[in-house]
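Listing of final13.cif; format and content: mmCIF, C-alpha atoms.
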data_query
loop_
_atom_site.label_atom_id
_atom_site.label_comp_id
_atom_site.auth_asym_id
_atom_site.auth_seq_id
_atom_site.Cartn_x
_atom_site.Cartn_y
_atom_site.Cartn_z
CA MET A 91 0.92 4.09 29.93
CA ARG A 92 1.51 1.40 27.34
CA LEU A 93 2.21 4.01 24.66
CA ARG A 94 4.66 5.76 26.96
CA SER A 95 6.53 2.56 27.77
CA PHE A 96 6.57 1.64 24.08
CA LEU A 97 8.11 5.00 23.20
CA GLN A 98 10.67 4.55 25.97
CA LEU A 99 11.55 1.12 24.57
CA LEU A 100 11.76 2.58 21.07
CA SER A 101 14.03 5.35 22.34
CA LYS A 102 16.24 2.75 24.01
CA GLU A 103 16.55 0.81 20.73
CA PHE A 104 17.44 3.96 18.82
CA ARG A 105 20.17 4.72 21.36
CA GLU A 106 21.48 1.18 20.84
CA LEU A 107 21.55 1.74 17.09
CA PHE A 108 23.23 5.13 17.30
CA SER A 109 25.82 3.82 19.75
CA SER A 110 26.82 1.16 17.24
CA ARG A 111 30.05 2.03 15.45
CA ALA A 112 29.11 -0.53 12.79
CA PHE A 113 26.10 1.60 11.85
CA TRP A 114 28.12 4.80 11.44
CA ILE A 115 30.87 3.01 9.54
CA MET A 116 28.20 1.59 7.23
CA LEU A 117 26.87 5.11 6.58
CA ILE A 118 30.34 6.38 5.61
CA ILE A 119 31.02 3.40 3.34
CA VAL A 120 27.59 3.63 1.71
CA GLY A 121 28.13 7.32 0.95
CA ALA A 122 31.46 6.59 -0.72
CA LEU A 123 30.02 3.68 -2.73
CA VAL A 124 27.01 5.70 -3.85
CA GLY A 125 29.26 8.59 -4.82
CA HIS A 126 31.57 6.37 -6.85
CA GLY A 127 28.64 4.68 -8.59
CA PHE A 128 26.91 7.98 -9.33
CA ILE A 129 29.98 9.77 -10.67
CA THR A 130 30.96 6.79 -12.85
CA ALA A 131 27.39 6.46 -14.13
CA ILE A 132 27.16 10.17 -15.00
CA GLU A 133 30.44 10.09 -16.91
CA THR A 134 29.49 6.93 -18.82
CA TYR A 135 26.02 8.28 -19.58
CA ALA A 136 27.53 11.52 -20.88
CA GLU A 137 29.96 9.63 -23.08
CA VAL A 138 27.20 7.50 -24.62
CA SER A 139 25.04 10.61 -25.00
CA GLY A 140 27.64 12.15 -27.26
CA ASN A 141 29.45 14.24 -24.65
CA GLY A 142 28.12 17.38 -26.27
CA ASN A 143 30.26 16.80 -29.41
CA GLY A 144 27.85 14.72 -31.44
CA PRO A 145 24.57 12.85 -31.50
CA ALA A 146 23.80 10.15 -28.94
CA ALA A 147 24.38 6.54 -29.88
CA LEU A 148 20.99 4.78 -29.95
CA PRO A 149 19.13 7.38 -27.85
CA GLN A 150 16.17 4.99 -27.39
CA GLY A 151 18.42 2.84 -25.25
CA LEU A 152 19.41 5.68 -22.92
CA THR A 153 17.19 5.37 -19.88
CA PRO A 154 17.98 6.92 -16.48
CA LEU A 155 16.89 3.67 -14.82
CA ASP A 156 19.66 1.64 -16.46
CA GLY A 157 22.20 4.39 -16.88
CA ILE A 158 21.97 6.25 -13.55
CA LEU A 159 19.63 4.78 -10.92
CA VAL A 160 20.62 1.11 -10.97
CA PRO A 161 24.43 1.73 -10.99
CA THR A 162 24.10 4.33 -8.24
CA TRP A 163 21.84 2.28 -5.99
CA GLY A 164 23.86 -0.87 -6.58
CA ALA A 165 25.79 0.29 -3.52
CA TYR A 166 22.75 -0.55 -1.39
CA ASP A 167 22.65 -4.12 -2.66
CA LEU A 168 26.26 -4.47 -1.57
CA ALA A 169 25.49 -2.82 1.78
CA ALA A 170 22.46 -5.04 2.37
CA THR A 171 24.59 -8.10 1.66
CA LEU A 172 27.83 -7.37 3.51
CA LEU A 173 27.21 -4.48 5.93
CA PHE A 174 23.64 -4.08 7.17
CA PRO A 175 23.23 -7.65 8.52
CA PHE A 176 26.03 -6.99 11.01
CA VAL A 177 24.27 -3.86 12.26
CA ALA A 178 21.18 -6.02 12.86
CA ILE A 179 23.25 -8.74 14.52
CA ARG A 180 24.81 -6.28 16.95
CA LEU A 181 21.40 -5.00 18.04
CA VAL A 182 20.59 -8.47 19.42
CA ALA A 183 23.97 -10.05 20.15
CA THR A 184 25.18 -7.34 22.54
CA GLU A 185 22.10 -7.81 24.75
CA LYS A 186 22.66 -11.56 24.87
CA GLU A 187 26.38 -11.33 25.60
CA SER A 188 26.07 -8.59 28.24
CA GLY A 189 23.11 -10.15 30.04
CA ALA A 190 20.89 -7.15 29.30
CA LEU A 191 18.42 -9.50 27.61
CA LYS A 192 17.33 -10.85 31.01
CA LEU A 193 16.49 -7.33 32.15
CA LEU A 194 14.77 -6.58 28.86
CA LEU A 195 12.46 -9.56 29.29
CA GLN A 196 11.24 -8.15 32.59
CA LEU A 197 10.08 -4.88 31.02
CA PRO A 198 6.44 -4.32 29.99
CA HIS A 199 5.19 -5.47 26.57
CA SER A 200 5.53 -8.91 25.04
CA LEU A 201 8.70 -10.18 23.46
CA VAL A 202 7.00 -9.83 20.08
CA GLY A 203 6.56 -6.12 20.82
CA LYS A 204 10.21 -5.80 21.80
CA VAL A 205 11.36 -7.49 18.61
CA SER A 206 8.96 -5.28 16.66
CA THR A 207 10.67 -2.18 18.03
CA LYS A 208 14.01 -3.58 16.90
CA ALA A 209 12.55 -4.14 13.43
CA LEU A 210 11.18 -0.59 13.35
CA VAL A 211 14.53 0.85 14.40
CA LEU A 212 16.44 -1.21 11.84
CA ILE A 213 14.06 -0.16 9.07
CA SER A 214 14.52 3.46 10.12
CA GLY A 215 18.29 3.03 10.06
CA TRP A 216 18.13 1.47 6.60
CA VAL A 217 16.02 4.35 5.27
CA LEU A 218 18.43 6.83 6.91
CA ALA A 219 21.24 5.20 4.93
CA TRP A 220 19.33 6.15 1.78
CA LEU A 221 20.22 9.82 2.17
CA PRO A 222 23.24 9.64 -0.18
CA GLY A 223 21.13 7.83 -2.78
CA LEU A 224 18.36 10.41 -2.51
CA ALA A 225 20.98 13.14 -2.80
CA ALA A 226 22.07 11.49 -6.06
CA PHE A 227 18.47 11.74 -7.30
CA ALA A 228 18.41 15.44 -6.43
CA LEU A 229 21.74 16.08 -8.16
CA TRP A 230 20.56 14.26 -11.28
CA LYS A 231 17.47 16.46 -11.40
CA THR A 232 19.55 19.63 -11.00
CA TYR A 233 21.65 18.49 -13.96
CA GLY A 234 18.46 18.42 -16.04
CA GLY A 235 18.07 14.65 -15.83
CA HIS A 236 14.78 12.81 -16.20
CA LEU A 237 13.15 10.55 -13.60
CA TYR A 238 10.05 8.44 -14.26
CA THR A 239 8.16 8.22 -10.97
CA PRO A 240 6.68 4.67 -11.25
CA GLU A 241 9.96 2.92 -12.07
CA THR A 242 11.87 5.02 -9.52
CA ALA A 243 9.37 4.17 -6.76
CA ASN A 244 9.54 0.51 -7.79
CA LEU A 245 13.33 0.54 -7.45
CA LEU A 246 13.04 2.07 -3.97
CA LEU A 247 10.51 -0.61 -2.99
CA GLY A 248 12.94 -3.30 -4.10
CA HIS A 249 15.77 -1.89 -2.01
CA PHE A 250 13.42 -1.46 0.96
CA LEU A 251 12.45 -5.15 0.81
CA ARG A 252 16.11 -6.08 0.30
CA GLY A 253 17.10 -4.23 3.48
CA LEU A 254 14.16 -5.70 5.40
CA LEU A 255 15.22 -9.20 4.37
CA SER A 256 18.81 -8.57 5.49
CA ALA A 257 17.58 -7.24 8.84
CA GLY A 258 15.34 -10.28 9.34
CA VAL A 259 18.16 -12.69 8.53
CA GLY A 260 20.61 -10.85 10.79
CA VAL A 261 18.25 -10.65 13.78
CA GLY A 262 17.19 -14.29 13.38
CA ALA A 263 20.80 -15.48 13.12
CA ALA A 264 21.81 -13.44 16.20
CA ALA A 265 18.95 -14.96 18.21
CA LEU A 266 19.88 -18.51 17.21
CA ALA A 267 23.67 -18.22 17.58
CA GLU A 268 25.57 -17.99 20.84
CA SER A 269 27.70 -15.03 19.80
CA ALA A 270 27.89 -12.27 17.23
CA SER A 271 30.74 -14.00 15.39
CA SER A 272 28.70 -17.20 15.03
CA ALA A 273 25.73 -15.21 13.76
CA ALA A 274 27.98 -13.46 11.23
CA ILE A 275 29.19 -16.84 9.93
CA VAL A 276 25.61 -18.07 9.58
CA THR A 277 24.60 -14.91 7.72
CA LEU A 278 27.56 -15.08 5.35
CA GLY A 279 26.87 -18.78 4.80
CA LEU A 280 23.32 -18.00 3.72
CA THR A 281 24.57 -15.25 1.44
CA VAL A 282 27.14 -17.49 -0.26
CA GLY A 283 24.48 -20.20 -0.52
CA THR A 284 22.16 -17.90 -2.48
CA TRP A 285 25.00 -16.92 -4.79
CA ALA A 286 25.76 -20.59 -5.43
CA LEU A 287 22.08 -21.29 -6.12
CA ASP A 288 21.99 -18.45 -8.67
CA PHE A 289 25.05 -19.87 -10.42
CA ILE A 290 23.94 -23.50 -10.44
CA ALA A 291 20.35 -22.80 -11.50
CA ALA A 292 21.25 -20.56 -14.46
CA GLY A 293 19.57 -22.03 -17.51
CA ARG A 294 18.68 -25.27 -15.74
CA GLY A 295 14.93 -24.87 -15.42
CA GLY A 296 12.81 -26.92 -13.03
CA LEU A 297 12.72 -26.53 -9.26
CA LEU A 298 16.23 -25.10 -8.97
CA GLN A 299 15.44 -22.19 -11.25
CA GLN A 300 12.14 -21.54 -9.49
CA LEU A 301 13.99 -21.33 -6.17
CA ALA A 302 16.70 -19.12 -7.67
CA ASN A 303 14.05 -16.61 -8.78
CA TYR A 304 13.61 -15.65 -5.11
CA THR A 305 17.20 -15.24 -4.02
CA PRO A 306 17.92 -11.64 -2.94
CA THR A 307 19.97 -10.92 -6.04
CA ALA A 308 17.37 -12.27 -8.47
CA ALA A 309 14.49 -10.65 -6.61
CA LEU A 310 16.16 -7.24 -6.66
CA ARG A 311 16.99 -7.65 -10.34
CA SER A 312 13.30 -7.64 -11.29
CA PHE A 313 12.82 -4.31 -9.48
CA GLU A 314 15.89 -2.92 -11.26
CA GLN A 315 14.26 -3.81 -14.58
CA GLY A 316 11.09 -1.92 -13.72
CA LEU A 317 9.01 -5.05 -13.07
CA LEU A 318 6.84 -5.33 -9.97
CA ARG A 319 5.95 -8.97 -9.30
CA LEU A 320 3.43 -9.78 -6.60
CA ASN A 321 4.96 -13.20 -5.90
CA THR A 322 8.39 -11.64 -5.28
CA VAL A 323 6.96 -9.11 -2.82
CA VAL A 324 5.01 -11.80 -0.92
CA VAL A 325 7.97 -14.19 -0.67
CA MET A 326 10.41 -11.48 0.45
CA LEU A 327 7.97 -10.22 3.09
CA ALA A 328 7.32 -13.75 4.35
CA LEU A 329 11.04 -14.54 4.69
CA SER A 330 11.76 -11.18 6.34
CA LEU A 331 8.98 -11.50 8.92
CA GLY A 332 10.00 -15.11 9.47
CA GLY A 333 13.45 -13.98 10.57
CA PHE A 334 12.01 -11.58 13.15
CA VAL A 335 9.59 -14.23 14.47
CA VAL A 336 12.52 -16.65 14.85
CA ALA A 337 14.21 -14.01 16.98
CA ALA A 338 11.07 -13.65 19.14
CA ILE A 339 10.99 -17.42 19.66
CA TRP A 340 14.64 -17.94 20.59
CA LEU A 341 15.09 -14.82 22.69
CA HIS A 342 12.42 -16.13 25.06
CA THR A 343 14.94 -17.86 27.33
CA GLY A 344 12.23 -18.78 29.86
CA ARG A 345 10.90 -21.44 27.50
CA SER A 346 12.52 -24.84 27.17
CA PHE A 347 14.67 -25.75 24.21
CA ARG A 348 12.09 -28.31 23.08
CA ILE A 349 9.25 -25.79 22.98
CA ARG A 350 11.34 -23.28 21.06
CA LEU A 351 12.39 -25.99 18.61
CA LEU A 352 8.79 -27.05 17.99
CA ALA A 353 7.71 -23.44 17.57
CA THR A 354 10.51 -22.91 15.03
CA ALA A 355 9.49 -26.04 13.12
CA ALA A 356 5.89 -24.83 12.99
CA LEU A 357 7.09 -21.41 11.81
CA VAL A 358 9.21 -22.96 9.05
CA VAL A 359 6.22 -24.94 7.80
CA MET A 360 4.04 -21.83 7.89
CA VAL A 361 6.56 -19.63 6.08
CA ALA A 362 7.20 -22.36 3.50
CA GLY A 363 3.47 -22.63 2.87
CA VAL A 364 3.15 -18.88 2.42
CA CYS A 365 6.13 -18.84 0.06
CA VAL A 366 4.79 -21.74 -2.04
CA ALA A 367 1.36 -20.13 -2.25
CA GLY A 368 2.88 -16.71 -2.93
CA ALA A 369 5.11 -18.09 -5.70
CA ARG A 370 1.97 -19.17 -7.58
CA LEU A 371 0.72 -15.60 -7.81
CA ARG A 372 1.05 -14.39 -11.38
CA SER A 373 0.10 -10.74 -11.08
CA SER A 374 2.83 -8.39 -12.26
CA TRP A 375 3.09 -4.82 -13.45
CA ASP A 376 5.53 -3.40 -15.97
CA LEU A 377 6.40 -0.01 -14.45
CA SER A 378 9.27 0.74 -16.80
CA GLU A 379 8.80 3.77 -19.02
CA ASN A 380 9.96 1.95 -22.16
CA ARG A 381 7.81 -1.18 -21.46
CA ARG A 382 10.89 -3.39 -21.61
CA ASN A 383 9.09 -6.24 -19.82
CA SER A 384 6.13 -6.33 -22.22
CA PHE A 385 5.38 -7.27 -25.81
CA TYR A 386 3.56 -4.94 -28.14
CA VAL A 387 -0.02 -4.33 -27.02
CA ALA A 388 -1.37 -6.25 -30.01
CA ASP A 389 0.86 -9.25 -29.27
CA GLU A 390 -0.14 -9.32 -25.62
CA ALA A 391 -3.83 -9.22 -26.53
CA ALA A 392 -3.35 -12.14 -28.95
CA LEU A 393 -1.31 -14.20 -26.48
CA ARG A 394 -3.87 -13.79 -23.72
CA LYS A 395 -6.43 -15.51 -25.94
CA ILE A 396 -4.32 -18.68 -26.01
CA SER A 397 -5.43 -21.09 -23.28
CA VAL A 398 -3.63 -24.24 -24.49
CA PRO A 399 -0.44 -25.01 -22.48
CA LEU A 400 2.80 -24.22 -24.28
CA LYS A 401 6.00 -26.25 -23.78
CA LEU A 402 9.40 -25.01 -24.88
CA THR A 403 12.35 -27.39 -25.10
CA VAL A 404 15.59 -25.43 -25.38
CA PHE A 405 18.88 -27.02 -26.50
CA LEU A 406 21.14 -24.17 -25.40
CA ALA A 407 23.80 -24.12 -22.68
CA PRO A 408 23.57 -21.63 -19.77
CA GLU A 409 26.59 -19.62 -20.96
CA ASP A 410 25.39 -19.40 -24.55
CA PRO A 411 24.49 -15.74 -25.27
CA ARG A 412 21.56 -16.93 -27.37
CA LEU A 413 19.96 -18.40 -24.25
CA THR A 414 20.40 -15.12 -22.37
CA ASP A 415 18.82 -13.29 -25.28
CA LEU A 416 15.92 -15.76 -25.42
CA GLU A 417 15.24 -15.53 -21.68
CA GLN A 418 15.48 -11.75 -21.43
CA THR A 419 13.59 -10.78 -24.58
CA VAL A 420 11.02 -13.57 -24.86
CA ILE A 421 10.60 -16.06 -22.01
CA LYS A 422 10.47 -13.42 -19.27
CA LYS A 423 7.68 -11.65 -21.13
CA LEU A 424 5.86 -14.88 -21.98
CA ARG A 425 5.61 -15.82 -18.32
CA ARG A 426 3.60 -12.65 -17.71
CA VAL A 427 0.95 -13.37 -20.36
CA LEU A 428 0.98 -17.17 -20.83
CA THR A 429 0.18 -18.85 -17.52
CA PRO A 430 0.37 -22.48 -18.80
CA LEU A 431 4.02 -22.21 -19.86
CA GLN A 432 6.67 -24.90 -19.35
CA VAL A 433 10.33 -24.43 -20.28
CA ASP A 434 12.74 -27.38 -20.31
CA TYR A 435 16.50 -26.89 -20.72
CA ILE A 436 18.17 -29.96 -22.23
CA ALA A 437 21.84 -28.94 -22.45
CA ASN A 438 24.02 -30.74 -19.89
CA GLY A 439 27.15 -28.57 -19.89
CA ARG A 440 27.52 -24.86 -19.25
CA THR A 441 29.19 -23.92 -22.55
CA GLY A 442 27.63 -26.28 -25.11
CA LEU A 443 31.03 -27.36 -26.47
CA PHE A 444 30.69 -31.06 -25.65
CA GLU A 445 27.01 -31.90 -25.73
CA SER A 446 25.80 -35.48 -26.09
CA SER A 447 22.90 -34.09 -28.14
CA GLU A 448 25.12 -31.94 -30.35
CA ASP A 449 23.04 -32.78 -33.44
CA HIS A 450 20.17 -30.90 -31.80
CA TYR A 451 22.19 -28.17 -30.14
CA GLY A 452 20.74 -24.72 -30.80
CA GLU A 453 17.24 -26.04 -31.48
CA ILE A 454 14.14 -24.67 -29.78
CA TRP A 455 11.11 -26.97 -29.89
CA TYR A 456 7.60 -25.61 -29.48
CA GLU A 457 4.83 -27.98 -28.41
CA MET A 458 1.17 -27.06 -28.05
CA GLY A 459 -1.96 -29.18 -28.27
CA GLY A 460 -0.08 -32.24 -29.54
CA ARG A 461 1.62 -30.29 -32.34
CA LYS A 462 5.38 -29.65 -32.47
CA VAL A 463 7.58 -27.32 -34.45
CA MET A 464 11.29 -26.52 -34.29
CA ASP A 465 13.20 -23.32 -34.91
CA ARG A 466 16.65 -21.97 -34.01
CA SER A 467 15.92 -18.27 -33.87
CA THR A 468 15.77 -16.35 -30.57
CA ILE A 469 14.33 -13.20 -32.19
CA GLU A 470 11.16 -12.07 -30.46
CA GLU A 471 8.99 -11.77 -33.59
CA VAL A 472 10.08 -15.19 -34.91
CA VAL A 473 9.33 -16.91 -31.59
CA LEU A 474 5.91 -15.32 -31.37
CA ASP A 475 5.11 -16.30 -34.96
CA GLN A 476 5.87 -19.93 -34.11
CA ILE A 477 3.50 -19.76 -31.15
CA TYR A 478 0.74 -18.21 -33.25
CA GLN A 479 1.23 -20.91 -35.89
CA LEU A 480 0.82 -23.70 -33.34
CA ALA A 481 -2.18 -22.03 -31.70
CA GLY A 482 -3.85 -21.36 -35.02
CA GLU A 483 -4.00 -17.65 -34.31
CA PRO A 484 -3.31 -14.96 -36.93
CA THR A 485 -0.25 -12.79 -36.50
CA PRO A 486 -1.37 -9.44 -35.07
CA ASP A 487 -0.56 -6.09 -36.62
CA ARG A 488 2.77 -4.87 -35.23
CA SER A 489 2.68 -1.47 -36.89
CA GLU A 490 2.60 0.12 -33.42
CA ALA A 491 5.73 2.21 -33.12
CA ASN A 492 7.90 2.37 -30.05
CA ASP A 493 7.59 6.03 -29.15
CA PHE A 494 10.08 5.89 -26.29
CA PRO A 495 12.47 8.74 -27.11
CA GLY A 496 15.29 7.97 -24.72
CA TYR A 497 16.88 10.65 -22.56
CA PRO A 498 20.45 11.43 -23.65
CA LEU A 499 22.17 13.96 -21.44
CA ALA A 500 25.83 14.93 -21.54
CA VAL A 501 26.70 16.61 -18.24
CA GLN A 502 29.50 16.51 -15.72
CA PRO A 503 28.95 15.37 -12.09
CA ARG A 504 29.28 18.84 -10.62
CA MET A 505 29.62 18.98 -6.81
CA ALA A 506 29.14 15.21 -6.57
CA ALA A 507 32.66 14.42 -5.32
CA LEU A 508 32.46 17.22 -2.75
CA ILE A 509 29.11 16.01 -1.41
CA PHE A 510 29.80 12.28 -1.27
CA TYR A 511 33.50 12.26 -0.37
CA LEU A 512 33.69 15.24 2.01
CA ILE A 513 30.38 16.69 3.17
CA TRP A 514 28.68 13.34 3.81
CA PRO A 515 31.53 11.76 5.85
CA LEU A 516 31.92 14.95 7.89
CA THR A 517 28.15 15.01 8.53
CA VAL A 518 28.20 11.39 9.68
CA VAL A 519 31.17 11.93 12.00
CA LEU A 520 29.66 15.11 13.45
CA SER A 521 26.31 13.39 14.02
CA TRP A 522 28.04 10.48 15.76
CA TRP A 523 29.97 12.84 18.00
CA LEU A 524 26.88 14.84 18.97
CA LEU A 525 24.77 11.76 19.67
CA ARG A 526 27.61 10.17 21.61
CA ARG A 527 27.66 13.19 23.92
#

Rewritten as structure tokens:
Amino acid sequence: MRLRSFLQLLSKEFRELFSSRAFWIMLIIVGALVGHGFITAIETYAEVSGNGNGPAALPQGLTPLDGILVPTWGAYDLAATLLFPFVAIRLVATEKESGALKLLLQLPHSLVGKVSTKALVLISGWVLAWLPGLAAFALWKTYGGHLYTPETANLLLGHFLRGLLSAGVGVGAAALAESASSAAIVTLGLTVGTWALDFIAAGRGGLLQQLANYTPTAALRSFEQGLLRLNTVVVMLALSLGGFVVAAIWLHTGRSFRIRLLATAALVVMVAGVCVAGARLRSSWDLSENRRNSFYVADEAALRKISVPLKLTVFLAPEDPRLTDLEQTVIKKLRRVLTPLQVDYIANGRTGLFESSEDHYGEIWYEMGGRKVMDRSTIEEVVLDQIYQLAGEPTPDRSEANDFPGYPLAVQPRMAALIFYLIWPLTVVLSWWLLRR
């Protein structure tokens, strides 16, 4: 009987989702965005691949992950930020505003079970919105394109967690706010807040940068680079589930405001504890085919032998391209193999034009075991040699060749415009009409 009532409740939630015009509009918009991203990516990839008239420029740098998958699925990041939260908000706000919530509370199953069905339905709706993106995968394969399964699955996991986080934030905001419009303002406020945190924390180091590593944009970026980080997965899951639990607390209108407030405070402490503990997890896996997130095997083996803490003091401004190069090619990789690593950013401005420490601007100081050395280079091999010198370790043999061939492919996006701009919208409209009947 419980299973039957659960299925009835699940069916009711699906009908709520499919009766939402916001959901169908999101599907149409997502299809158009995916189509535009895919067609543009194919044309750019073909141009860089030589367009059939000549050799590819730097074929080792032509990866389907960067050239096709990330630009195409960037539409889902935009949808998860600006569209999907409002679908989640509607699923809760309409019941509150119409009074249906009072009837819902009288049905069998706990409120946690009812919120769980909403989460299941929202996740199903998010995966359903992936159909245009999966169609892009299929088209790319028919063109003769290459897909590397581990990095592709990792990208899908990132977008799944991104959608789950948006759903949790939307449902939690709708439960807390009095109306759908208020919930939308709260959700947009959180989104703008994460963007501001990303901007302010760039190249700053310390607590701000640690927090910025777990904003939705930064978290998704690691998946887009083929890197699976356990701490990112744990933090995103904790925040997502926290949003749904907040909804379960505040939708229980039979409890007093004080009890709900105390329960929310306890939940915040619990989620914060899980996030802090999860952020300390260092396990990560480089699932990219070209091992872009890893040093040479010999270098990684040598670095793992170093147990003395390393401190880097960087005199570079956040907008200096040398700092971007240092972070992307060296520091990001060092964090995976050197656990006792501290990075301090000394520059005060964002451009480095008017620094009080201009005599030292551009310097990178390395400190390990009471010894210090300075260098200005951001080249990977030079940085590693400085670390080996301080640690008293010999420089490993780097004769290992990078055998990643790259995958140049000069093709045209055949049938793509027809599928994404005509067939998909007509399919969505027809499905809406049939389900509405």

| request: Choose the residue, out of A:Gly235, A:Pro399, A:Gly316, A:Pro222, that has the smallest atom-to-atom separation from A:Leu431; count only C-alpha atoms. | output: A:Pro399

| Which polymer residues have any atom within 9 Å of an atom of A:Pro240, counting all atoms listed in the file, with same-chain residues fewer than 2 positions away left out, as a VMD selection string? | chain A and resid 238 242 to 245 316 377 to 379

| task | Taking (5.1, -18.7, -31.4) in the file's own coordinates, collect the residues within 12 Å, counting all atoms listed in the file, and hand them back as a ChimeraX atom specification. | result | /A:389,392-393,396,400-402,420-421,424,428,454-458,462-465,467-486

| Proximity to A:Val359 - best of A:Ala328, A:Asp410, A:Trp220, A:Arg180, only C-alpha atoms |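 Closest candidate: A:Ala328.
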
| query | Using only C-alpha atoms, which residues sit within 7 Å of stretch 159-165 of chain A once same-chain residues fewer than 2 positions away are excluded, as a list in words? | reply |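 Residues meeting the cut-off are Val120, Leu123, Val124, Gly127, Phe128, Ala131, Pro154, Leu155, Asp156, Gly157, Asp167, Leu168, Ala169, Gly223 and Glu314 of chain A.
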
| Between A:Phe405, A:Ile436, A:Leu327, A:Pro430, which has the minimum distance to A:Gly452 (counting all atoms listed in the file)? | A:Phe405

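Evaluated on this file, the PyMOL selection byres ((chain A and resi 100) around 9) matches Ser95, Phe96, Leu97, Gln98, Leu99, Ser101, Lys102, Glu103, Phe104, Arg105, Lys204, Thr207, Lys208, Leu210 and Val211 of chain A.
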
Put those residues in a file: C-alpha atoms, as a short mmCIF file (atom, residue, chain, number, x, y, z; two decimals), in the coordinates of the input.
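Saved as selection.cif:
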data_model
loop_
_atom_site.label_atom_id
_atom_site.label_comp_id
_atom_site.auth_asym_id
_atom_site.auth_seq_id
_atom_site.Cartn_x
_atom_site.Cartn_y
_atom_site.Cartn_z
CA SER A 95 6.53 2.56 27.77
CA PHE A 96 6.57 1.64 24.08
CA LEU A 97 8.11 5.00 23.20
CA GLN A 98 10.67 4.55 25.97
CA LEU A 99 11.55 1.12 24.57
CA SER A 101 14.03 5.35 22.34
CA LYS A 102 16.24 2.75 24.01
CA GLU A 103 16.55 0.81 20.73
CA PHE A 104 17.44 3.96 18.82
CA ARG A 105 20.17 4.72 21.36
CA LYS A 204 10.21 -5.80 21.80
CA THR A 207 10.67 -2.18 18.03
CA LYS A 208 14.01 -3.58 16.90
CA LEU A 210 11.18 -0.59 13.35
CA VAL A 211 14.53 0.85 14.40
#

| request: Provide the atom CA of A:Leu255 to atom CA of A:Pro306 distance in Å, to one decimal place. | output: 8.2 Å

| Given the file above and the PyMOL selection byres ((chain A and resi 325) around 9), which residues are selected, and can you give them as a list in words? |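 Checked against the file, the PyMOL selection byres ((chain A and resi 325) around 9) matches Tyr304, Leu320, Asn321, Thr322, Val323, Val324, Met326, Leu327, Ala328, Leu329, Ser330, Val361, Val364, Cys365, Val366, Gly368 and Ala369 of chain A.
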
Go ahead and write the residues just picked, C-alpha atoms, as a PDB file, in the coordinates of the input.
ATOM      1  CA  TYR A 304      13.610 -15.650  -5.110  1.00  0.00           C
ATOM      2  CA  LEU A 320       3.430  -9.780  -6.600  1.00  0.00           C
ATOM      3  CA  ASN A 321       4.960 -13.200  -5.900  1.00  0.00           C
ATOM      4  CA  THR A 322       8.390 -11.640  -5.280  1.00  0.00           C
ATOM      5  CA  VAL A 323       6.960  -9.110  -2.820  1.00  0.00           C
ATOM      6  CA  VAL A 324       5.010 -11.800  -0.920  1.00  0.00           C
ATOM      7  CA  MET A 326      10.410 -11.480   0.450  1.00  0.00           C
ATOM      8  CA  LEU A 327       7.970 -10.220   3.090  1.00  0.00           C
ATOM      9  CA  ALA A 328       7.320 -13.750   4.350  1.00  0.00           C
ATOM     10  CA  LEU A 329      11.040 -14.540   4.690  1.00  0.00           C
ATOM     11  CA  SER A 330      11.760 -11.180   6.340  1.00  0.00           C
ATOM     12  CA  VAL A 361       6.560 -19.630   6.080  1.00  0.00           C
ATOM     13  CA  VAL A 364       3.150 -18.880   2.420  1.00  0.00           C
ATOM     14  CA  CYS A 365       6.130 -18.840   0.060  1.00  0.00           C
ATOM     15  CA  VAL A 366       4.790 -21.740  -2.040  1.00  0.00           C
ATOM     16  CA  GLY A 368       2.880 -16.710  -2.930  1.00  0.00           C
ATOM     17  CA  ALA A 369       5.110 -18.090  -5.700  1.00  0.00           C
TER      18      ALA A 369
END

| request: Measuring atom to atom with all atoms listed in the file, identify which of A:Val404, A:Ala183, A:Ala178, A:Val217 is nearest to A:Leu341. | output: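 When distances to A:Leu341 are compared using all atoms listed in the file, the smallest one comes from A:Ala183.
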
Please, which residues in stretch 187-305 of chain A fall within 9 Å of stretch 309-313 of chain A when counting all atoms listed in the file, and what is the closest atom pair and distance in Å to one decimal for each, ordered by chain then residue number, as CSV?
residue,atom,partner,partner_atom,distance
A:Glu241,CA,A:Phe313,CA,8.2
A:Asn244,CA,A:Phe313,CA,6.1
A:Leu245,CA,A:Phe313,CA,5.3
A:Leu246,CA,A:Phe313,CA,8.4
A:Leu247,CA,A:Phe313,CA,7.8
A:Gly248,CA,A:Phe313,CA,5.5
A:His249,CA,A:Leu310,CA,7.1
A:Leu251,CA,A:Leu310,CA,8.6
A:Arg252,CA,A:Leu310,CA,7.1
A:Ala302,CA,A:Ala309,CA,8.8
A:Asn303,CA,A:Ala309,CA,6.4
A:Tyr304,CA,A:Ala309,CA,5.3
A:Thr305,CA,A:Ala309,CA,5.9

| task | Please evaluate the PyMOL selection byres ((chain A and resi 257) around 10) against the displayed coordinates and give the resulting residues as a VMD selection string. | result | chain A and resid 170 174 to 179 208 to 209 212 to 213 216 251 to 256 258 to 263 330 to 331 333 to 334

| query | When you draw a straight line from atom CA of A:Leu201 to atom CA of A:Ser346, how long is it in Å? | reply | 15.6 Å

| Nearest to A:Arg426, chosen from A:Arg394, A:Arg412, A:Arg345, A:Arg92, with all atoms listed in the file counted in the distances |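 Nearest to A:Arg426: A:Arg394.
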
| task | For stretch 229-233 of chain A, work out the shell of residues within 9 Å, counting only C-alpha atoms and skipping chain neighbours fewer than 3 positions away, then give it as a PyMOL selection string. | result | chain A and resi 132+158+224-226+236-237+499+501-506
